[in-house]
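Taking it in order: structure first as structure tokens, then the write-up.
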Amino acid sequence: MPVPQCFVKHIQINNVLDHPGILMLNICLILPLLSSTLNGFDSSMINNLQILPGWQEYFHKPQGMKLGLINCAHDIGILSGTPFSPYVSDLLGRRATMFIGAVVMLAGILTQGSSMTIQVFIGARVLIGFGMAFSINAAPLLISELSYPTHRGKMTSLYNSMWYSGSIISAWICLGSYDDTGTSPLSWRTPSYVQAVIPIIQMVLIWFIPESPRFLMARGLESQAARVLAQCHANGGDERNPLVVFEMAQIRHALNLEREFTSGKSYLRCFSTPGNRQRMFTIIWIAVFSQWSGNGLVSYYINTVLNGVGITQTRTKAAINGGLQTFNLVSALVSMMMVDKLGRRRIFLISNIGMLIAFAMWTVTTALFSQWGNVVAARATVPLIFIYFFFYDFAYTAMLVLYTLEILPYNIRAKGFAIMNITIYSTNAFNSLVNPVALDTIGWKYYLFYCGWLILELLFVMVYIVETRARTLEETAALFDGVKVHRGIVERTDEAGMTLGRMSPYPGLQDNPGAVETASSVSRSYFESQSEESAVAFAR
């Protein structure tokens, strides 16, 4: 549904350099974005270390279940901390939660770098994951709730895309460390210590960025919330700015209605209404798909996969891995730029169709080399891996966090996002234990399972993924909570929009009464697509 230009043009930012407050806000948001970078660095660490002879020799070439345990130790830590992280985020705030996570991760990183035994190394991985659970719960919430309205979709999709920036750093640091130190233990200890840079930066700077205005409003600190919105969204910091007034009214109405129609603070609230159950059903399954689409074979076992097609030289494997991570980041950024043009549903469809075709061809080339030693097929495998990951990144990197936060109202946002993370790392832990055993036992035939699974994913996307871009409140309510929309939210939203129109200093709104009425109904549509509270229907 198109948004009237008389409303949008006054909040659309063409050149951020002309708006120092918004420029400073985007600079501040780099700090929570670094949580995704650190997650990518740490998640890729073991995959990269497996390529290094120094790490293999120091820990006596772990295989099978032992290698699976090393890989999933990080996920075990995240699963241990994630159930508690939303309570901390909602009680202490997004910034404090990120600080706690950084402290715990720093302790784990220093322990990992100084590990003398495989048991200590695994324990350090668990500790890092435990701290990571708090960081990756709070950081995207802060980005989504603090971003300027017209930047929110891109900034939120950028968050998950930054995972690959950490993966790139990890891959190339491991390669550089190998080139400099060879098979020395420093070849794997150095990347471990480099990992400490981001937690230290976050610990030092986190208190210098604003807190989420939605958190402040939920805690009854409306004056502080207004001050944050004025500083970040209105040049000059005027709390009477029409956009600030509108956002304050919008958040206030959302929180009041959520308190009116829902109660309790447990995870059960995420499943308390049919609409919430539909949201969680969709979120859980797209989280499963993000890990069970065949991507885990390369993300965590690239050494085994490349060995399977005859690529055995350490430096060649490290270079392919580093190039793949760079390619993944570019692919995710392309999707980020297209997210508001193509829409959410279309991006998911393109992604799943492309993955299915590319993975099927990848399976064929791997089978040809494994069964008949076809060298041409082996060479074709590497570009097919790149093609596959382009389509994977197109939706499941850029869109996963964005789509989840868009369809969750504030009252269950932190917990719903935690459930998404629990699902991701549970399936990832399962992959870490099963994939090496399956690859050792049945080899390329294991790929056939993922071919079938990708067909099921495509069918799910076709049936259950709904478009959330530019939806009005009524349309979104009908999609998730049925057609019976509480009249109160509509009336209060209209009131907020009319207030915005009356207070607006812009002639385009003052001189056109019809535009004011239109703004009251469709301004919500615009903000919905940017993950505002109005992006979702409210639980009844």
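Quick note on naming: the chains in the structure tokens go A, B, ... in the order shown, residues restart at 1 in each chain, and ligands are numbered from 1 in order of appearance.
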
- Item | Non-local contacts of Met217 in chain A (12 Å; only C-alpha atoms; under 3 positions in same chain excluded) as a list of chain:residue names |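 Those residues are A:Asp90, A:Gly93, A:Glu145, A:Glu211, A:Ser212, A:Pro213, A:Arg214, A:Gly220, A:Leu221, A:Glu222, A:Ser223, A:Gln224, A:Ala225, A:Ala226, A:Arg227, A:Val228, A:Leu229, A:Glu247, A:Met248, A:Ala249, A:Gln250, A:Ile251, A:Arg252, A:His253, A:Ala254, A:Leu255, A:Asn256, A:Tyr410.
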
Write out the residues from the selection above, keeping C-alpha atoms, as a PDB file, in the first residue's frame.
```pdb
ATOM      1  CA  ASP A  90      13.495  -6.414  30.086  1.00  0.00           C
ATOM      2  CA  GLY A  93      17.776  -2.746  29.863  1.00  0.00           C
ATOM      3  CA  GLU A 145      13.927  -0.074  18.897  1.00  0.00           C
ATOM      4  CA  GLU A 211      19.028   3.194  25.848  1.00  0.00           C
ATOM      5  CA  SER A 212      15.992   1.843  23.995  1.00  0.00           C
ATOM      6  CA  PRO A 213      13.112   4.354  24.296  1.00  0.00           C
ATOM      7  CA  ARG A 214      10.660   1.448  24.318  1.00  0.00           C
ATOM      8  CA  GLY A 220       7.695   4.350  33.273  1.00  0.00           C
ATOM      9  CA  LEU A 221      10.575   6.684  32.330  1.00  0.00           C
ATOM     10  CA  GLU A 222       8.688   8.677  29.715  1.00  0.00           C
ATOM     11  CA  SER A 223      10.725  11.870  30.069  1.00  0.00           C
ATOM     12  CA  GLN A 224      13.951   9.957  29.404  1.00  0.00           C
ATOM     13  CA  ALA A 225      12.361   8.177  26.439  1.00  0.00           C
ATOM     14  CA  ALA A 226      11.234  11.501  24.960  1.00  0.00           C
ATOM     15  CA  ARG A 227      14.729  12.916  25.435  1.00  0.00           C
ATOM     16  CA  VAL A 228      16.289   9.925  23.638  1.00  0.00           C
ATOM     17  CA  LEU A 229      13.854  10.154  20.726  1.00  0.00           C
ATOM     18  CA  GLU A 247       6.396   8.001  18.262  1.00  0.00           C
ATOM     19  CA  MET A 248       5.749   8.675  21.949  1.00  0.00           C
ATOM     20  CA  ALA A 249       1.999   8.361  21.416  1.00  0.00           C
ATOM     21  CA  GLN A 250       2.469   5.236  19.353  1.00  0.00           C
ATOM     22  CA  ILE A 251       4.645   3.490  21.948  1.00  0.00           C
ATOM     23  CA  ARG A 252       2.408   4.602  24.824  1.00  0.00           C
ATOM     24  CA  HIS A 253      -0.731   3.251  23.170  1.00  0.00           C
ATOM     25  CA  ALA A 254       0.990   0.006  22.269  1.00  0.00           C
ATOM     26  CA  LEU A 255       2.194  -0.611  25.814  1.00  0.00           C
ATOM     27  CA  ASN A 256      -1.166   0.328  27.344  1.00  0.00           C
ATOM     28  CA  TYR A 410       6.926  -5.380  22.441  1.00  0.00           C
TER      29      TYR A 410
END
```

Atom pair CA of Gly343 in chain A + CA of Phe480 in chain A, distance 17.8 Å

From the options A:Pro409, A:Gly310, A:Pro86, A:Pro383, which residue's atoms come nearest to Leu368 in chain A, counting only C-alpha atoms?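 Of A:Pro409, A:Gly310, A:Pro86, A:Pro383, the one nearest Leu368 in chain A is A:Gly310, counting only C-alpha atoms.
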
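Closest approach to Tyr403 in chain A among A:Tyr450, A:Trp372, A:Phe348, A:Phe41: A:Phe348, based on only C-alpha atoms.
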
All residues 7 Å or closer to range 193-198 of chain A, only C-alpha atoms, same chain fewer than 6 positions away omitted, as a list in words: Leu34, Leu38, Leu106, Ile109, Leu110 and Gly113 of chain A

Can you spit out the residues from that selection as a CSV table (one decimal), in the first residue's frame, using all heavy atoms?
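Dumped everything to out-v9.csv:
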```csv
chain,number,residue,atom,x,y,z
A,34,LEU,N,28.3,-4.8,16.4
A,34,LEU,CA,29.5,-5.6,16.6
A,34,LEU,C,29.2,-6.9,17.4
A,34,LEU,O,30.1,-7.8,17.3
A,34,LEU,CB,30.5,-4.8,17.5
A,34,LEU,CG,31.2,-3.6,16.7
A,34,LEU,CD1,32.2,-2.9,17.7
A,34,LEU,CD2,32.1,-4.2,15.6
A,38,LEU,N,31.0,-10.3,16.4
A,38,LEU,CA,31.7,-11.2,17.3
A,38,LEU,C,31.1,-12.6,17.3
A,38,LEU,O,31.8,-13.6,17.4
A,38,LEU,CB,31.6,-10.7,18.7
A,38,LEU,CG,32.2,-11.5,19.9
A,38,LEU,CD1,33.7,-11.7,19.6
A,38,LEU,CD2,32.0,-10.8,21.2
A,106,LEU,N,34.5,-12.1,27.5
A,106,LEU,CA,35.9,-11.8,27.7
A,106,LEU,C,36.6,-12.9,28.6
A,106,LEU,O,37.7,-13.3,28.3
A,106,LEU,CB,36.1,-10.4,28.3
A,106,LEU,CG,37.6,-9.9,28.5
A,106,LEU,CD1,38.3,-9.9,27.1
A,106,LEU,CD2,37.6,-8.6,29.1
A,109,ILE,N,37.0,-16.0,26.4
A,109,ILE,CA,38.0,-15.8,25.4
A,109,ILE,C,39.4,-16.0,25.9
A,109,ILE,O,40.3,-16.6,25.3
A,109,ILE,CB,37.8,-14.5,24.7
A,109,ILE,CG1,36.5,-14.5,23.8
A,109,ILE,CG2,39.0,-14.1,23.8
A,109,ILE,CD1,36.1,-13.1,23.4
A,110,LEU,N,39.7,-15.3,27.1
A,110,LEU,CA,41.0,-15.4,27.7
A,110,LEU,C,41.3,-16.9,28.1
A,110,LEU,O,42.5,-17.3,28.0
A,110,LEU,CB,41.1,-14.5,28.8
A,110,LEU,CG,41.0,-13.0,28.5
A,110,LEU,CD1,41.1,-12.1,29.8
A,110,LEU,CD2,42.1,-12.6,27.5
A,113,GLY,N,42.1,-18.9,24.9
A,113,GLY,CA,43.4,-18.6,24.3
A,113,GLY,C,44.6,-19.3,25.1
A,113,GLY,O,45.6,-19.6,24.5
```

- Message: Could you list, as a ChimeraX atom specification, every residue within 7 Å of Gly81 in chain A, counting only C-alpha atoms and ignoring same-chain residues fewer than 4 positions away?
- Response: /A:77,85,130,133-134

Residue selection dump (N, CA and C atoms) as a compact mmCIF listing (two decimals), in the first residue's frame:
```
# COMPACT_ATOMS: atom_id res chain seq x y z
N GLY A 77 26.59 -23.38 25.37
CA GLY A 77 26.66 -22.18 26.20
C GLY A 77 25.54 -21.21 25.90
N SER A 85 18.24 -14.56 29.27
CA SER A 85 18.62 -13.27 28.69
C SER A 85 17.45 -12.31 28.48
N PHE A 130 27.77 -18.75 26.65
CA PHE A 130 26.87 -18.27 27.70
C PHE A 130 26.80 -16.74 27.67
N ALA A 133 24.89 -15.36 24.61
CA ALA A 133 23.43 -15.42 24.68
C ALA A 133 22.84 -14.08 25.10
N PHE A 134 23.48 -13.41 26.04
CA PHE A 134 22.99 -12.11 26.52
C PHE A 134 23.23 -11.02 25.47
```

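Ranking A:Gln50, A:Asn39, A:Gln202, A:Asn328 by their shortest atom-to-atom distance to Ile100 in chain A, with only C-alpha atoms included, puts A:Gln202 first.
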
Here CA of Ser114 in chain A and CA of Arg189 in chain A stand apart by 7.2 Å

Neighbour list for Asn435 in chain A as number ranges by chain, cut-off 12 Å, only C-alpha atoms, skip fewer than 6 positions in-chain = A: 63-65, 67-69, 71-72, 291-292, 294-302, 304-305, 427-429, 441-444, 446-447, 449-450

Using only C-alpha atoms, the shortest atom-to-atom distance to Asn48 in chain A among A:Arg94, A:Arg345, A:Arg152, A:Arg315 belongs to A:Arg315

To one decimal place in Å, what is the distance between CA of Gly354 in chain A and CA of Ser290 in chain A?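 Between CA of Gly354 in chain A and CA of Ser290 in chain A the gap works out to 14.4 Å.
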
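Of the residues under consideration (A:Asn26, A:Ser161, A:Thr316, A:Ser293), A:Thr316 shows the shortest atom-to-atom contact distance to Leu175 in chain A when counting only C-alpha atoms.
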
Could you name the residues that touch Leu400 in chain A at 9 Å or less, counting only C-alpha atoms, but leaving out those on the same chain fewer than 3 positions away, as a short mmCIF file (atom, residue, chain, number, x, y, z; two decimals) with all heavy atoms, in the first residue's frame?
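The new file result11.cif reads:
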```cif
data_model
loop_
_atom_site.label_atom_id
_atom_site.label_comp_id
_atom_site.auth_asym_id
_atom_site.auth_seq_id
_atom_site.Cartn_x
_atom_site.Cartn_y
_atom_site.Cartn_z
N SER A 157 18.24 -5.63 9.26
CA SER A 157 18.75 -6.69 8.39
C SER A 157 20.27 -6.65 8.32
O SER A 157 20.91 -7.69 8.14
CB SER A 157 18.14 -6.55 6.99
OG SER A 157 18.47 -5.30 6.41
N ASN A 160 22.16 -9.03 11.21
CA ASN A 160 22.49 -10.44 10.97
C ASN A 160 23.52 -10.58 9.85
O ASN A 160 24.31 -11.53 9.84
CB ASN A 160 21.24 -11.24 10.64
CG ASN A 160 21.28 -12.63 11.23
OD1 ASN A 160 21.81 -12.83 12.32
ND2 ASN A 160 20.73 -13.60 10.54
N ILE A 283 8.12 -18.33 13.29
CA ILE A 283 9.48 -17.97 13.74
C ILE A 283 10.31 -19.22 14.02
O ILE A 283 11.49 -19.31 13.63
CB ILE A 283 9.40 -17.08 14.99
CG1 ILE A 283 8.89 -15.69 14.61
CG2 ILE A 283 10.75 -16.98 15.69
CD1 ILE A 283 8.52 -14.82 15.79
N ILE A 286 11.29 -20.97 10.60
CA ILE A 286 12.32 -20.30 9.79
C ILE A 286 13.66 -20.33 10.51
O ILE A 286 14.73 -20.34 9.86
CB ILE A 286 11.93 -18.85 9.41
CG1 ILE A 286 11.78 -17.97 10.64
CG2 ILE A 286 10.69 -18.83 8.54
CD1 ILE A 286 11.54 -16.49 10.30
N ALA A 287 13.64 -20.39 11.85
CA ALA A 287 14.89 -20.55 12.60
C ALA A 287 15.50 -21.93 12.34
O ALA A 287 16.71 -22.07 12.16
CB ALA A 287 14.63 -20.35 14.09
N SER A 290 17.05 -21.99 8.95
CA SER A 290 18.31 -21.24 8.85
C SER A 290 19.52 -22.12 9.17
O SER A 290 20.65 -21.78 8.80
CB SER A 290 18.29 -20.03 9.79
OG SER A 290 18.42 -20.42 11.15
N ALA A 395 18.00 -14.59 2.03
CA ALA A 395 16.89 -14.53 2.99
C ALA A 395 17.33 -14.86 4.41
O ALA A 395 17.02 -14.12 5.34
CB ALA A 395 15.77 -15.48 2.57
N TYR A 396 18.06 -15.94 4.59
CA TYR A 396 18.26 -16.45 5.94
C TYR A 396 19.40 -15.79 6.70
O TYR A 396 19.60 -16.07 7.88
CB TYR A 396 18.46 -17.97 5.89
CG TYR A 396 17.17 -18.67 5.52
CD1 TYR A 396 16.90 -19.05 4.20
CD2 TYR A 396 16.18 -18.89 6.47
CE1 TYR A 396 15.71 -19.65 3.86
CE2 TYR A 396 14.98 -19.48 6.14
CZ TYR A 396 14.75 -19.86 4.83
OH TYR A 396 13.56 -20.45 4.49
N THR A 397 20.12 -14.89 6.03
CA THR A 397 21.07 -14.04 6.76
C THR A 397 20.44 -12.68 7.01
O THR A 397 20.33 -12.23 8.15
CB THR A 397 22.38 -13.89 5.98
OG1 THR A 397 23.02 -15.17 5.90
CG2 THR A 397 23.31 -12.93 6.70
N TYR A 403 12.59 -10.21 10.05
CA TYR A 403 11.22 -10.73 9.96
C TYR A 403 10.70 -11.12 11.35
O TYR A 403 9.54 -10.87 11.68
CB TYR A 403 11.18 -11.93 9.02
CG TYR A 403 9.79 -12.35 8.62
CD1 TYR A 403 9.08 -11.64 7.65
CD2 TYR A 403 9.18 -13.46 9.20
CE1 TYR A 403 7.80 -12.02 7.28
CE2 TYR A 403 7.89 -13.84 8.83
CZ TYR A 403 7.22 -13.12 7.88
OH TYR A 403 5.95 -13.50 7.51
N THR A 404 11.57 -11.71 12.15
CA THR A 404 11.17 -12.11 13.50
C THR A 404 10.75 -10.90 14.34
O THR A 404 9.70 -10.90 14.97
CB THR A 404 12.32 -12.86 14.19
OG1 THR A 404 12.61 -14.05 13.46
CG2 THR A 404 11.95 -13.21 15.63
N LEU A 405 11.58 -9.86 14.34
CA LEU A 405 11.27 -8.69 15.16
C LEU A 405 10.09 -7.91 14.62
O LEU A 405 9.38 -7.25 15.38
CB LEU A 405 12.51 -7.78 15.26
CG LEU A 405 13.71 -8.39 16.01
CD1 LEU A 405 14.86 -7.40 16.05
CD2 LEU A 405 13.32 -8.82 17.42
#
```

Query raised in the report: Which polymer residues have any atom within 6 Å of an atom of range 458-462 of chain A, counting only C-alpha atoms, with same-chain residues fewer than 3 positions away left out, as a ChimeraX atom specification?
Result: /A:352,455,465

Using only C-alpha atoms, the residue out of A:Ser266, A:Thr37, A:Ser44, A:Gln231 with shortest distance to Lys415 in chain A is A:Ser266

Backbone DSSP call of alpha helix (DSSP H) for range 430-480 of chain A, listed as a short mmCIF file (atom, residue, chain, number, x, y, z; two decimals) with C-alpha atoms, in the first residue's frame:
```cif
data_model
loop_
_atom_site.label_atom_id
_atom_site.label_comp_id
_atom_site.auth_asym_id
_atom_site.auth_seq_id
_atom_site.Cartn_x
_atom_site.Cartn_y
_atom_site.Cartn_z
CA PHE A 430 22.21 -31.27 16.73
CA ASN A 431 23.95 -30.58 13.42
CA SER A 432 27.33 -30.38 15.14
CA LEU A 433 26.89 -33.83 16.63
CA VAL A 434 25.20 -35.56 13.69
CA ASN A 435 26.89 -34.03 10.62
CA PRO A 436 30.44 -35.37 11.19
CA VAL A 437 29.14 -38.86 11.96
CA ALA A 438 26.82 -38.85 8.92
CA LEU A 439 29.54 -37.55 6.59
CA ASP A 440 31.98 -40.21 7.83
CA THR A 441 29.37 -42.98 7.57
CA ILE A 442 27.43 -42.38 4.36
CA TYR A 446 23.84 -37.55 3.37
CA TYR A 447 23.31 -34.64 0.96
CA LEU A 448 20.17 -36.32 -0.33
CA PHE A 449 18.47 -35.71 3.01
CA TYR A 450 18.96 -31.97 2.62
CA CYS A 451 17.63 -32.05 -0.94
CA GLY A 452 14.36 -33.47 0.37
CA TRP A 453 14.33 -31.07 3.30
CA LEU A 454 14.77 -28.06 1.00
CA ILE A 455 11.64 -29.11 -0.89
CA LEU A 456 9.69 -29.06 2.38
CA GLU A 457 11.14 -25.64 3.22
CA LEU A 458 9.95 -24.22 -0.08
CA LEU A 459 6.43 -25.56 0.51
CA PHE A 460 6.40 -24.01 4.00
CA VAL A 461 7.48 -20.61 2.67
CA MET A 462 4.81 -20.71 -0.02
CA VAL A 463 2.07 -21.44 2.52
CA TYR A 464 3.05 -19.65 5.75
CA LEU A 473 -2.59 -2.28 11.37
CA GLU A 474 -5.90 -3.75 10.23
CA GLU A 475 -4.26 -5.90 7.55
CA THR A 476 -1.61 -7.18 9.94
CA ALA A 477 -4.23 -7.92 12.60
CA ALA A 478 -6.25 -9.91 10.11
CA LEU A 479 -3.19 -11.89 9.11
CA PHE A 480 -2.10 -12.85 12.63
#
```
